[in-house]
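> Questions regarding the structure given below will be posed in turn.
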Amino acid sequence: MKDDQEIHKIAHRQIAGKYYGNHKDALTLLRNFPFYFSTELNLDQRQIALFNINLDGRGCLGKVAQAGAVVEKEFPEAKIQFGEVLEDFFCNILLDMLKKNPDQSDSFFEELLMYEEPHSVLLFNGRQFEPLSIPFQQDISHPKIKAFPFWEAVTASRMISEAWLEENPYRKIEILVEAGKICPEMVAIKENLSSYFILIDRERYAIDLAEETLAIRPNARTMYFLYLLTKDRKYIKMIEEKYSPKIAYLLRKEVIENG
Amino acid sequence: MDDELFDKIRNGSEEDAREAYKNMRKNSLKHAVIAIITRNLSHGLGRHLTKTPKKEV
């Protein structure tokens with residue numbers, strides 16, 4: 001496990017040599033920073049974990065870490081923070097589209113599930129910077145985020161990927177418990193931790209923790225996970241009411257394909 | 001853990017092999033269930049939104 005000083009160095013190494021020109025303010029600088037964007041859905045989780053470990057700009061964590069590093073370097077007076085997205089702007093657009101037209105394709109629902117995955121933005125001087133606002137061509141403000149001290153949160157988020165790549169279930173839990181000490185209120189840590197409790201046959205812990213996260217960052221994956229653990233149809237009902245029965249179908253398919 | 005189970009399936013008694021197979025299925029299902037919410041910080045921009053007309057925020 002690396003501490004936040006080492007993580008800070010990794011992020012600064014990642015921006016070294018990148019050309020972004022001279023800009024009078026942080027926002028203009030970030031809009032001109034060479035971020036990498038892809039429209040690929042369902043990126044392999046292992047690949048994402050490796051991107052995150054290296055703070056590689058092809059992943060969301062790498063983009064935010066690099067954005068923080070470059071603002072820190074060029075505008076040292078700016079106050080930077082890490083924002084964990086609790087309600088996603090993009091997800092809400094798709095939910096609106098779904099309300100207007102419930103008959104959507106599988107790829108639509110896959111995209112919706114993607115927007116519900118753990119995500120982060122940079123906050124500088126209290127303002128959100130979402131790197132995806134560049135390809136989306138408009139400034140984006142997620143309706144609900146939780147702010148954390150920047151480098152501590154980058155470190156804790158990176159540990160989620162470290163735990164993902166670790167094979168020993170006890171070690172996975174240990175890593176996330178450590179991450180939780182750095183950012184006790186980060187939901188993504190708890191979501192991941194709840195699932196690892198299953199690996200050591202602690203279903204009750206898993207259910208309680210997943211329930212806790214569902215109240216803060218409601219999403220279809222956690223609902224379906226709770227359904228699988230409890231067999232309580234209320235979670236399926238939640239999915240059907242908020243989204244569509246097709247989401248439950250897609251998640252069931254995912255379990256069958258992986259199982 | 002799966003290596004041990006594989007070994008039992010290949011080299012163990014019929015009963016051990018059956019039990020090992022059952023455990024392997026159970027483990028595999030367990031991993032599939034946890035894969036539902038073990039997610040890294042990710043999320044890019046998909047095709048459905050890039051097609052959507054932009055609105056003011």
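Naming works like this for the structure tokens: A, B, ... for the chains as they're shown, residue 1 at the start of each chain, ligands 1 onward in shown order.
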Compile the residues of chain A that lie within 7 Å of chain B, evaluated using only C-alpha atoms, and express the compilation as a CSV table (one decimal) with C-alpha atoms, in the first residue's frame.

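Wrote it out as iface_30.csv, contents follow:
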```csv
chain,number,residue,atom,x,y,z
A,38,SER,CA,-13.3,6.5,-25.0
A,39,THR,CA,-16.9,5.6,-25.7
A,40,GLU,CA,-16.4,1.9,-25.0
A,41,LEU,CA,-19.0,0.4,-22.7
A,45,GLN,CA,-12.7,-4.3,-14.6
A,48,ILE,CA,-9.8,-0.3,-15.2
A,49,ALA,CA,-8.1,-1.5,-12.0
A,59,GLY,CA,-9.4,5.7,-16.4
A,60,CYS,CA,-11.7,8.0,-14.5
A,61,LEU,CA,-9.4,8.1,-11.4
A,108,PHE,CA,-29.1,1.9,-23.5
A,111,GLU,CA,-24.9,2.6,-20.6
A,114,MET,CA,-22.2,2.3,-16.5
A,115,TYR,CA,-23.2,5.8,-15.4
A,117,GLU,CA,-20.7,2.9,-11.4
A,118,PRO,CA,-18.4,4.7,-8.9
A,119,HIS,CA,-17.2,7.9,-10.3
A,132,LEU,CA,-16.2,14.2,-19.4
A,136,PHE,CA,-19.8,16.2,-23.9
A,140,ILE,CA,-21.4,19.4,-16.1
A,160,ILE,CA,-10.3,-0.1,-4.2
A,161,SER,CA,-8.5,-1.2,-7.3
A,191,GLU,CA,-19.8,-1.1,-1.7
A,192,ASN,CA,-16.7,-3.1,-2.6
A,195,SER,CA,-19.1,-7.8,-1.6
A,196,TYR,CA,-15.8,-9.2,-0.2
A,221,ARG,CA,-26.3,-3.1,-9.0
A,222,THR,CA,-26.6,-2.7,-5.2
A,225,PHE,CA,-26.9,-7.6,-5.1
A,255,VAL,CA,-24.4,-13.4,-13.0
A,258,ASN,CA,-19.9,-15.1,-14.8
A,259,GLY,CA,-21.0,-18.0,-12.7
```
> As an NGL selection string, please: the residues near stretch 30-35 of chain A (cut-off 9 Å, only C-alpha atoms, same-chain neighbours under 4 positions excluded).
:A and (18-21 or 23 or 25-26 or 57-58 or 63 or 66-67 or 70-71 or 129 or 131 or 133-134)
> Residues as selected, C-alpha atoms, written as a PDB file, in the first residue's frame, can you do that?

```pdb
ATOM      1  CA  LYS A  18       2.269  16.715 -21.236  1.00  0.00           C
ATOM      2  CA  TYR A  19       1.597  19.846 -23.223  1.00  0.00           C
ATOM      3  CA  TYR A  20      -1.367  21.971 -22.197  1.00  0.00           C
ATOM      4  CA  GLY A  21      -0.177  25.496 -22.974  1.00  0.00           C
ATOM      5  CA  HIS A  23      -3.745  29.500 -19.439  1.00  0.00           C
ATOM      6  CA  ASP A  25      -7.322  30.165 -15.155  1.00  0.00           C
ATOM      7  CA  ALA A  26      -7.601  26.566 -13.995  1.00  0.00           C
ATOM      8  CA  GLY A  57      -5.509   8.928 -17.766  1.00  0.00           C
ATOM      9  CA  ARG A  58      -7.492   6.269 -19.622  1.00  0.00           C
ATOM     10  CA  LYS A  63      -8.110  11.725 -15.169  1.00  0.00           C
ATOM     11  CA  GLN A  66      -3.974  14.240 -13.240  1.00  0.00           C
ATOM     12  CA  ALA A  67      -6.440  17.147 -13.278  1.00  0.00           C
ATOM     13  CA  VAL A  70      -1.944  19.990 -12.991  1.00  0.00           C
ATOM     14  CA  VAL A  71      -4.121  22.504 -11.112  1.00  0.00           C
ATOM     15  CA  PHE A 129     -14.657  19.787 -12.959  1.00  0.00           C
ATOM     16  CA  PRO A 131     -13.342  15.632 -17.401  1.00  0.00           C
ATOM     17  CA  SER A 133     -17.550  17.701 -19.889  1.00  0.00           C
ATOM     18  CA  ILE A 134     -14.900  18.043 -22.639  1.00  0.00           C
TER      19      ILE A 134
END
```
> Would you return as a PyMOL selection string the members of stretch 29-212 of chain A that DSSP assigns to alpha helix (DSSP H) on this structure's backbone?
chain A and resi 29-31+45-53+60-74+89-100+106-115+133-136+150-165+169-182+187-199+203-212
> Store the residues of this selection in a file with C-alpha atoms, as a CSV table (one decimal), in the first residue's frame.

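File produced: again23.csv:
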```
chain,number,residue,atom,x,y,z
A,29,LEU,CA,-6.2,24.9,-18.5
A,30,LEU,CA,-8.3,21.8,-17.7
A,31,ARG,CA,-10.3,22.2,-20.9
A,45,GLN,CA,-12.7,-4.3,-14.6
A,46,ARG,CA,-9.2,-5.7,-14.5
A,47,GLN,CA,-8.1,-3.2,-17.1
A,48,ILE,CA,-9.8,-0.3,-15.2
A,49,ALA,CA,-8.1,-1.5,-12.0
A,50,LEU,CA,-4.7,-1.4,-13.6
A,51,PHE,CA,-5.4,2.1,-15.1
A,52,ASN,CA,-6.4,3.3,-11.6
A,53,ILE,CA,-3.3,1.8,-9.9
A,60,CYS,CA,-11.7,8.0,-14.5
A,61,LEU,CA,-9.4,8.1,-11.4
A,62,GLY,CA,-6.3,8.8,-13.5
A,63,LYS,CA,-8.1,11.7,-15.2
A,64,VAL,CA,-9.2,13.3,-11.9
A,65,ALA,CA,-5.7,12.7,-10.3
A,66,GLN,CA,-4.0,14.2,-13.2
A,67,ALA,CA,-6.4,17.1,-13.3
A,68,GLY,CA,-5.7,17.7,-9.6
A,69,ALA,CA,-2.0,17.5,-10.1
A,70,VAL,CA,-1.9,20.0,-13.0
A,71,VAL,CA,-4.1,22.5,-11.1
A,72,GLU,CA,-1.9,22.1,-8.1
A,73,LYS,CA,1.2,22.7,-10.2
A,74,GLU,CA,0.0,25.7,-12.2
A,89,PHE,CA,-25.7,13.8,-14.2
A,90,PHE,CA,-25.5,11.4,-17.1
A,91,CYS,CA,-27.5,8.8,-15.4
A,92,ASN,CA,-30.3,11.3,-14.8
A,93,ILE,CA,-30.5,12.2,-18.5
A,94,LEU,CA,-30.9,8.5,-19.4
A,95,LEU,CA,-33.6,8.1,-16.7
A,96,ASP,CA,-35.4,11.0,-18.2
A,97,MET,CA,-35.1,9.4,-21.6
A,98,LEU,CA,-36.4,6.2,-20.2
A,99,LYS,CA,-39.5,7.9,-18.7
A,100,LYS,CA,-40.3,9.3,-22.1
A,106,ASP,CA,-30.0,-3.4,-24.2
A,107,SER,CA,-27.1,-1.0,-25.0
A,108,PHE,CA,-29.1,1.9,-23.5
A,109,PHE,CA,-29.5,0.0,-20.2
A,110,GLU,CA,-25.9,-1.1,-20.2
A,111,GLU,CA,-24.9,2.6,-20.6
A,112,LEU,CA,-27.2,3.5,-17.7
A,113,LEU,CA,-25.5,0.9,-15.6
A,114,MET,CA,-22.2,2.3,-16.5
A,115,TYR,CA,-23.2,5.8,-15.4
A,133,SER,CA,-17.5,17.7,-19.9
A,134,ILE,CA,-14.9,18.0,-22.6
A,135,PRO,CA,-16.2,15.4,-25.0
A,136,PHE,CA,-19.8,16.2,-23.9
A,150,PHE,CA,-7.9,15.4,-2.6
A,151,TRP,CA,-4.8,13.2,-2.3
A,152,GLU,CA,-6.2,11.1,0.6
A,153,ALA,CA,-9.3,10.3,-1.5
A,154,VAL,CA,-7.2,9.5,-4.6
A,155,THR,CA,-5.2,7.1,-2.4
A,156,ALA,CA,-8.3,5.5,-0.9
A,157,SER,CA,-9.9,5.2,-4.4
A,158,ARG,CA,-6.8,3.6,-5.8
A,159,MET,CA,-6.9,1.1,-2.9
A,160,ILE,CA,-10.3,-0.1,-4.2
A,161,SER,CA,-8.5,-1.2,-7.3
A,162,GLU,CA,-5.6,-2.6,-5.3
A,163,ALA,CA,-8.2,-4.7,-3.4
A,164,TRP,CA,-9.8,-5.7,-6.6
A,165,LEU,CA,-6.5,-7.1,-8.0
A,169,PRO,CA,-10.1,-12.4,0.4
A,170,TYR,CA,-8.8,-11.5,3.8
A,171,ARG,CA,-6.2,-9.2,2.3
A,172,LYS,CA,-8.9,-7.6,0.1
A,173,ILE,CA,-10.9,-6.8,3.2
A,174,GLU,CA,-7.8,-5.5,5.0
A,175,ILE,CA,-6.9,-3.1,2.2
A,176,LEU,CA,-10.4,-1.7,2.1
A,177,VAL,CA,-10.6,-1.4,5.9
A,178,GLU,CA,-7.4,0.7,5.6
A,179,ALA,CA,-8.9,2.7,2.8
A,180,GLY,CA,-12.0,3.3,5.0
A,181,LYS,CA,-9.7,4.8,7.7
A,182,ILE,CA,-8.5,7.3,5.2
A,187,VAL,CA,-19.4,4.9,-0.5
A,188,ALA,CA,-17.4,3.1,-3.2
A,189,ILE,CA,-15.2,1.6,-0.5
A,190,LYS,CA,-18.2,0.3,1.4
A,191,GLU,CA,-19.8,-1.1,-1.7
A,192,ASN,CA,-16.7,-3.1,-2.6
A,193,LEU,CA,-16.1,-4.2,1.0
A,194,SER,CA,-19.7,-5.5,1.3
A,195,SER,CA,-19.1,-7.8,-1.6
A,196,TYR,CA,-15.8,-9.2,-0.2
A,197,PHE,CA,-17.6,-10.2,3.0
A,198,ILE,CA,-19.3,-12.8,0.9
A,199,LEU,CA,-16.0,-14.4,0.1
A,203,GLU,CA,-23.4,-12.5,4.5
A,204,ARG,CA,-25.0,-10.6,7.3
A,205,TYR,CA,-22.1,-8.0,7.2
A,206,ALA,CA,-22.4,-7.8,3.4
A,207,ILE,CA,-26.2,-7.2,3.6
A,208,ASP,CA,-25.9,-4.5,6.3
A,209,LEU,CA,-23.2,-2.7,4.5
A,210,ALA,CA,-24.9,-2.9,1.1
A,211,GLU,CA,-28.1,-1.6,2.7
A,212,GLU,CA,-26.2,1.3,4.2
```
> Could you list, as a ChimeraX atom specification, every residue within 7 Å of stretch 237-249 of chain A, counting only C-alpha atoms and ignoring same-chain residues fewer than 4 positions away?
/A:109,220,223-224,233,253
> Work out how far apart atom CA of A:Pro76 and atom CA of A:Ala16 are and give it in Å to one decimal.
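These two atoms are separated by 16.3 Å.
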> What does the distance between atom CA of B:Ser13 and atom CA of A:Ile200 come to in Å, to one decimal place?
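Atom CA of A:Ile200 lies at a distance of 27.2 Å from atom CA of B:Ser13.
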> Please list as number ranges by chain every residue within 12 Å of B:Ile9, counting only C-alpha atoms and excluding residues in the same chain fewer than 3 positions away.
B: 2-6, 12-24
> Atoms to include: N, CA and C atoms. Write the selected residues as a PDB file, in the first residue's frame.

```pdb
ATOM      1  N   ASP B   2      -9.430 -23.047  -5.997  1.00  0.00           N
ATOM      2  CA  ASP B   2      -9.933 -23.827  -7.127  1.00  0.00           C
ATOM      3  C   ASP B   2      -8.936 -24.895  -7.570  1.00  0.00           C
ATOM      4  N   ASP B   3      -7.637 -24.614  -7.394  1.00  0.00           N
ATOM      5  CA  ASP B   3      -6.620 -25.604  -7.776  1.00  0.00           C
ATOM      6  C   ASP B   3      -6.785 -26.874  -6.960  1.00  0.00           C
ATOM      7  N   GLU B   4      -7.023 -26.683  -5.655  1.00  0.00           N
ATOM      8  CA  GLU B   4      -7.228 -27.838  -4.766  1.00  0.00           C
ATOM      9  C   GLU B   4      -8.454 -28.626  -5.220  1.00  0.00           C
ATOM     10  N   LEU B   5      -9.509 -27.865  -5.550  1.00  0.00           N
ATOM     11  CA  LEU B   5     -10.754 -28.530  -5.965  1.00  0.00           C
ATOM     12  C   LEU B   5     -10.550 -29.274  -7.285  1.00  0.00           C
ATOM     13  N   PHE B   6      -9.832 -28.651  -8.193  1.00  0.00           N
ATOM     14  CA  PHE B   6      -9.539 -29.315  -9.478  1.00  0.00           C
ATOM     15  C   PHE B   6      -8.794 -30.627  -9.231  1.00  0.00           C
ATOM     16  N   GLY B  12      -9.247 -37.374  -6.839  1.00  0.00           N
ATOM     17  CA  GLY B  12      -9.896 -37.861  -5.626  1.00  0.00           C
ATOM     18  C   GLY B  12     -10.859 -39.011  -5.895  1.00  0.00           C
ATOM     19  N   SER B  13     -11.438 -39.535  -4.814  1.00  0.00           N
ATOM     20  CA  SER B  13     -12.444 -40.597  -4.964  1.00  0.00           C
ATOM     21  C   SER B  13     -13.680 -39.996  -5.637  1.00  0.00           C
ATOM     22  N   GLU B  14     -14.589 -40.862  -6.041  1.00  0.00           N
ATOM     23  CA  GLU B  14     -15.792 -40.367  -6.731  1.00  0.00           C
ATOM     24  C   GLU B  14     -16.567 -39.392  -5.837  1.00  0.00           C
ATOM     25  N   GLU B  15     -16.635 -39.756  -4.561  1.00  0.00           N
ATOM     26  CA  GLU B  15     -17.384 -38.917  -3.614  1.00  0.00           C
ATOM     27  C   GLU B  15     -16.694 -37.559  -3.417  1.00  0.00           C
ATOM     28  N   ASP B  16     -15.355 -37.607  -3.249  1.00  0.00           N
ATOM     29  CA  ASP B  16     -14.582 -36.359  -3.086  1.00  0.00           C
ATOM     30  C   ASP B  16     -14.725 -35.475  -4.316  1.00  0.00           C
ATOM     31  N   ALA B  17     -14.671 -36.115  -5.484  1.00  0.00           N
ATOM     32  CA  ALA B  17     -14.752 -35.367  -6.741  1.00  0.00           C
ATOM     33  C   ALA B  17     -16.114 -34.684  -6.862  1.00  0.00           C
ATOM     34  N   ARG B  18     -17.183 -35.406  -6.461  1.00  0.00           N
ATOM     35  CA  ARG B  18     -18.533 -34.839  -6.547  1.00  0.00           C
ATOM     36  C   ARG B  18     -18.654 -33.625  -5.610  1.00  0.00           C
ATOM     37  N   GLU B  19     -18.138 -33.819  -4.409  1.00  0.00           N
ATOM     38  CA  GLU B  19     -18.180 -32.748  -3.411  1.00  0.00           C
ATOM     39  C   GLU B  19     -17.364 -31.531  -3.886  1.00  0.00           C
ATOM     40  N   ALA B  20     -16.186 -31.826  -4.439  1.00  0.00           N
ATOM     41  CA  ALA B  20     -15.308 -30.750  -4.933  1.00  0.00           C
ATOM     42  C   ALA B  20     -15.990 -30.006  -6.068  1.00  0.00           C
ATOM     43  N   TYR B  21     -16.677 -30.731  -6.948  1.00  0.00           N
ATOM     44  CA  TYR B  21     -17.374 -30.087  -8.066  1.00  0.00           C
ATOM     45  C   TYR B  21     -18.466 -29.156  -7.533  1.00  0.00           C
ATOM     46  N   LYS B  22     -19.192 -29.663  -6.515  1.00  0.00           N
ATOM     47  CA  LYS B  22     -20.268 -28.847  -5.920  1.00  0.00           C
ATOM     48  C   LYS B  22     -19.683 -27.556  -5.328  1.00  0.00           C
ATOM     49  N   ASN B  23     -18.554 -27.708  -4.629  1.00  0.00           N
ATOM     50  CA  ASN B  23     -17.916 -26.536  -4.016  1.00  0.00           C
ATOM     51  C   ASN B  23     -17.398 -25.558  -5.056  1.00  0.00           C
ATOM     52  N   MET B  24     -16.909 -26.139  -6.152  1.00  0.00           N
ATOM     53  CA  MET B  24     -16.391 -25.265  -7.201  1.00  0.00           C
ATOM     54  C   MET B  24     -17.516 -24.439  -7.828  1.00  0.00           C
TER      55      MET B  24
END
```
> Could you please determine the separation between atom CA of A:Arg252 and atom CA of A:Tyr235 in Å, to one decimal place?
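Atom-to-atom, atom CA of A:Arg252 and atom CA of A:Tyr235 are spaced 13.2 Å apart.
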